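Input: a single structure, listed below in structure tokens.
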Amino acid sequence: MWIKELTKPECLEVLARTQLARLACARGMQPYIVPIYCVYQDHWIYSFSGPGQKIDWMRANPLVCVEADQMRREQWATVVVFGRYEELSDTPRFRYERALAFNLLQRRATWWEPASSKPMPGSTPAAIPVFYRIKLEQITGRCGAFEGAVADTNQAKADLDEQGWLRKMIRGAR
């Protein structure tokens, strides 16, 4: 298997292609990790959530970690971001940032579902969403592939739009 450290631009490319990532936060000595829908732009990761444990924990400790990955057959790329949570409250101070987050997120299909799904009959109604962003402070990444997965084939050429960017990164590992 070939494994390659990703450059910062390559890490950012993986992050820009990511829709579903994992967010880790901590309270006291207890870590907590959950999947989030997100979008990356200009060193910020934008997302939103209903009120709950992760929002409470990030308010108490804004230091977070986000893991994003891309898997294509026998090829993979993963990045880890260390960052800082910032809530985009519904106030004049954050009006522009909230609008930006909403506009970026709505470009992705079903972006709202995890935080605003319809409640089950008899449960409490959905709460007002909390928009937030994470400032990238450090990013690292790796990619890898099995040796035969990076060969030029007719299938590889057909997959160029879908996985050409990943194949290009992995070729640098040889």
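Starting from 1 in every chain, residues are counted up; chains themselves are A, B, ... following the order of the structure tokens, and ligands are numbered from 1 as listed.
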Residues within 8 Å of Cys38 in chain A, only C-alpha atoms, excluding chain neighbours under 4 positions, as a PyMOL selection string: chain A and resi 18-21+45-48+105+111
I'd like the neighbourhood of Tyr32 in chain A as a PDB file with N, CA, C and O atoms, in the first residue's frame, where a residue qualifies if any of its atoms comes within 12 Å (using only C-alpha atoms), though same-chain residues fewer than 3 positions away should be ignored.
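Printed below is part_12.pdb as written:
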```pdb
ATOM      1  N   ARG A  22     -16.686  14.257  10.852  1.00  0.00           N
ATOM      2  CA  ARG A  22     -16.889  13.947  12.256  1.00  0.00           C
ATOM      3  C   ARG A  22     -16.291  15.056  13.101  1.00  0.00           C
ATOM      4  O   ARG A  22     -15.159  15.481  12.856  1.00  0.00           O
ATOM      5  N   LEU A  23     -17.074  15.529  14.062  1.00  0.00           N
ATOM      6  CA  LEU A  23     -16.679  16.613  14.956  1.00  0.00           C
ATOM      7  C   LEU A  23     -16.427  16.035  16.339  1.00  0.00           C
ATOM      8  O   LEU A  23     -17.283  15.337  16.879  1.00  0.00           O
ATOM      9  N   ALA A  24     -15.262  16.327  16.891  1.00  0.00           N
ATOM     10  CA  ALA A  24     -14.937  15.885  18.247  1.00  0.00           C
ATOM     11  C   ALA A  24     -14.816  17.113  19.139  1.00  0.00           C
ATOM     12  O   ALA A  24     -14.205  18.116  18.769  1.00  0.00           O
ATOM     13  N   CYS A  25     -15.428  17.010  20.308  1.00  0.00           N
ATOM     14  CA  CYS A  25     -15.307  18.049  21.322  1.00  0.00           C
ATOM     15  C   CYS A  25     -15.099  17.335  22.655  1.00  0.00           C
ATOM     16  O   CYS A  25     -15.196  16.114  22.734  1.00  0.00           O
ATOM     17  N   ALA A  26     -14.788  18.084  23.693  1.00  0.00           N
ATOM     18  CA  ALA A  26     -14.525  17.459  24.987  1.00  0.00           C
ATOM     19  C   ALA A  26     -15.040  18.344  26.100  1.00  0.00           C
ATOM     20  O   ALA A  26     -15.085  19.569  25.984  1.00  0.00           O
ATOM     21  N   ARG A  27     -15.413  17.675  27.172  1.00  0.00           N
ATOM     22  CA  ARG A  27     -15.839  18.359  28.383  1.00  0.00           C
ATOM     23  C   ARG A  27     -15.195  17.616  29.545  1.00  0.00           C
ATOM     24  O   ARG A  27     -15.398  16.407  29.691  1.00  0.00           O
ATOM     25  N   GLY A  28     -14.418  18.343  30.331  1.00  0.00           N
ATOM     26  CA  GLY A  28     -13.656  17.662  31.368  1.00  0.00           C
ATOM     27  C   GLY A  28     -12.695  16.703  30.701  1.00  0.00           C
ATOM     28  O   GLY A  28     -11.984  17.052  29.779  1.00  0.00           O
ATOM     29  N   MET A  29     -12.728  15.472  31.105  1.00  0.00           N
ATOM     30  CA  MET A  29     -11.852  14.452  30.521  1.00  0.00           C
ATOM     31  C   MET A  29     -12.609  13.527  29.559  1.00  0.00           C
ATOM     32  O   MET A  29     -12.095  12.508  29.141  1.00  0.00           O
ATOM     33  N   PRO A  35     -21.194  12.863  13.829  1.00  0.00           N
ATOM     34  CA  PRO A  35     -21.134  13.262  12.424  1.00  0.00           C
ATOM     35  C   PRO A  35     -21.816  14.616  12.241  1.00  0.00           C
ATOM     36  O   PRO A  35     -22.779  14.944  12.942  1.00  0.00           O
ATOM     37  N   GLN A  53     -26.101  18.374  23.282  1.00  0.00           N
ATOM     38  CA  GLN A  53     -24.844  18.104  23.963  1.00  0.00           C
ATOM     39  C   GLN A  53     -23.642  18.734  23.268  1.00  0.00           C
ATOM     40  O   GLN A  53     -22.823  19.388  23.913  1.00  0.00           O
ATOM     41  N   LYS A  54     -23.509  18.562  21.945  1.00  0.00           N
ATOM     42  CA  LYS A  54     -22.307  19.086  21.294  1.00  0.00           C
ATOM     43  C   LYS A  54     -22.248  20.606  21.372  1.00  0.00           C
ATOM     44  O   LYS A  54     -21.181  21.176  21.587  1.00  0.00           O
ATOM     45  N   ILE A  55     -23.377  21.274  21.217  1.00  0.00           N
ATOM     46  CA  ILE A  55     -23.390  22.737  21.321  1.00  0.00           C
ATOM     47  C   ILE A  55     -23.033  23.162  22.747  1.00  0.00           C
ATOM     48  O   ILE A  55     -22.199  24.059  22.951  1.00  0.00           O
ATOM     49  N   ASP A  56     -23.629  22.514  23.751  1.00  0.00           N
ATOM     50  CA  ASP A  56     -23.296  22.826  25.144  1.00  0.00           C
ATOM     51  C   ASP A  56     -21.808  22.631  25.405  1.00  0.00           C
ATOM     52  O   ASP A  56     -21.161  23.477  26.028  1.00  0.00           O
ATOM     53  N   TRP A  57     -21.270  21.529  24.925  1.00  0.00           N
ATOM     54  CA  TRP A  57     -19.854  21.239  25.167  1.00  0.00           C
ATOM     55  C   TRP A  57     -18.941  22.214  24.425  1.00  0.00           C
ATOM     56  O   TRP A  57     -17.924  22.637  24.960  1.00  0.00           O
ATOM     57  N   MET A  58     -19.287  22.579  23.187  1.00  0.00           N
ATOM     58  CA  MET A  58     -18.440  23.523  22.441  1.00  0.00           C
ATOM     59  C   MET A  58     -18.519  24.923  23.031  1.00  0.00           C
ATOM     60  O   MET A  58     -17.547  25.673  22.971  1.00  0.00           O
ATOM     61  N   ASN A  61     -16.119  24.589  25.958  1.00  0.00           N
ATOM     62  CA  ASN A  61     -14.733  24.387  25.521  1.00  0.00           C
ATOM     63  C   ASN A  61     -14.704  24.501  24.005  1.00  0.00           C
ATOM     64  O   ASN A  61     -15.035  23.541  23.306  1.00  0.00           O
ATOM     65  N   VAL A  64     -11.913  22.237  19.282  1.00  0.00           N
ATOM     66  CA  VAL A  64     -12.533  21.068  18.660  1.00  0.00           C
ATOM     67  C   VAL A  64     -11.595  20.449  17.640  1.00  0.00           C
ATOM     68  O   VAL A  64     -10.568  21.028  17.277  1.00  0.00           O
ATOM     69  N   CYS A  65     -11.982  19.286  17.160  1.00  0.00           N
ATOM     70  CA  CYS A  65     -11.248  18.578  16.124  1.00  0.00           C
ATOM     71  C   CYS A  65     -12.276  18.072  15.114  1.00  0.00           C
ATOM     72  O   CYS A  65     -13.346  17.612  15.498  1.00  0.00           O
ATOM     73  N   VAL A  66     -11.956  18.180  13.834  1.00  0.00           N
ATOM     74  CA  VAL A  66     -12.826  17.692  12.772  1.00  0.00           C
ATOM     75  C   VAL A  66     -12.022  16.721  11.910  1.00  0.00           C
ATOM     76  O   VAL A  66     -10.883  17.004  11.534  1.00  0.00           O
TER      77      VAL A  66
END
```
One-decimal distance in Å that lies between CA of Arg84 in chain A and CA of Tyr96 in chain A: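 Answer for the CA of Tyr96 in chain A to CA of Arg84 in chain A separation: 19.2 Å.
Put simply, CA of Gly144 in chain A is 27.6 Å away from CA of Pro31 in chain A.
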Length of the CA of Val81 in chain A to CA of Thr140 in chain A vector [Å]: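 It comes out at 6.7 Å.
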Residue contacts of Ile3 in chain A (7 Å, only C-alpha atoms) excluding same-chain residues fewer than 4 positions away, as number ranges by chain: A: 142-145, 173
Residues from the last selection, all heavy atoms, saved as an mmCIF file, in the first residue's frame:
```
data_model
loop_
_atom_site.group_PDB
_atom_site.id
_atom_site.type_symbol
_atom_site.label_atom_id
_atom_site.label_comp_id
_atom_site.auth_asym_id
_atom_site.auth_seq_id
_atom_site.Cartn_x
_atom_site.Cartn_y
_atom_site.Cartn_z
ATOM 1 N N ARG A 142 -3.375 12.559 5.155
ATOM 2 C CA ARG A 142 -2.685 11.484 4.446
ATOM 3 C C ARG A 142 -3.623 10.918 3.399
ATOM 4 O O ARG A 142 -4.839 11.019 3.515
ATOM 5 C CB ARG A 142 -2.309 10.356 5.401
ATOM 6 C CG ARG A 142 -1.220 10.704 6.358
ATOM 7 C CD ARG A 142 -0.872 9.506 7.182
ATOM 8 N NE ARG A 142 0.284 9.815 8.011
ATOM 9 C CZ ARG A 142 0.903 8.945 8.752
ATOM 10 N NH1 ARG A 142 0.485 7.693 8.780
ATOM 11 N NH2 ARG A 142 1.938 9.300 9.469
ATOM 12 N N CYS A 143 -3.013 10.283 2.403
ATOM 13 C CA CYS A 143 -3.803 9.526 1.438
ATOM 14 C C CYS A 143 -3.077 8.226 1.165
ATOM 15 O O CYS A 143 -1.886 8.097 1.435
ATOM 16 C CB CYS A 143 -4.040 10.322 0.155
ATOM 17 S SG CYS A 143 -2.563 10.650 -0.812
ATOM 18 N N GLY A 144 -3.822 7.277 0.656
ATOM 19 C CA GLY A 144 -3.219 5.989 0.387
ATOM 20 C C GLY A 144 -4.000 5.218 -0.646
ATOM 21 O O GLY A 144 -5.147 5.535 -0.953
ATOM 22 N N ALA A 145 -3.340 4.214 -1.177
ATOM 23 C CA ALA A 145 -3.976 3.340 -2.160
ATOM 24 C C ALA A 145 -3.203 2.040 -2.238
ATOM 25 O O ALA A 145 -2.004 2.002 -1.954
ATOM 26 C CB ALA A 145 -4.004 3.993 -3.533
ATOM 27 N N ALA A 173 2.733 9.595 -4.123
ATOM 28 C CA ALA A 173 3.249 8.760 -3.041
ATOM 29 C C ALA A 173 4.257 7.733 -3.562
ATOM 30 O O ALA A 173 5.022 7.183 -2.805
ATOM 31 C CB ALA A 173 2.102 8.018 -2.336
#
```
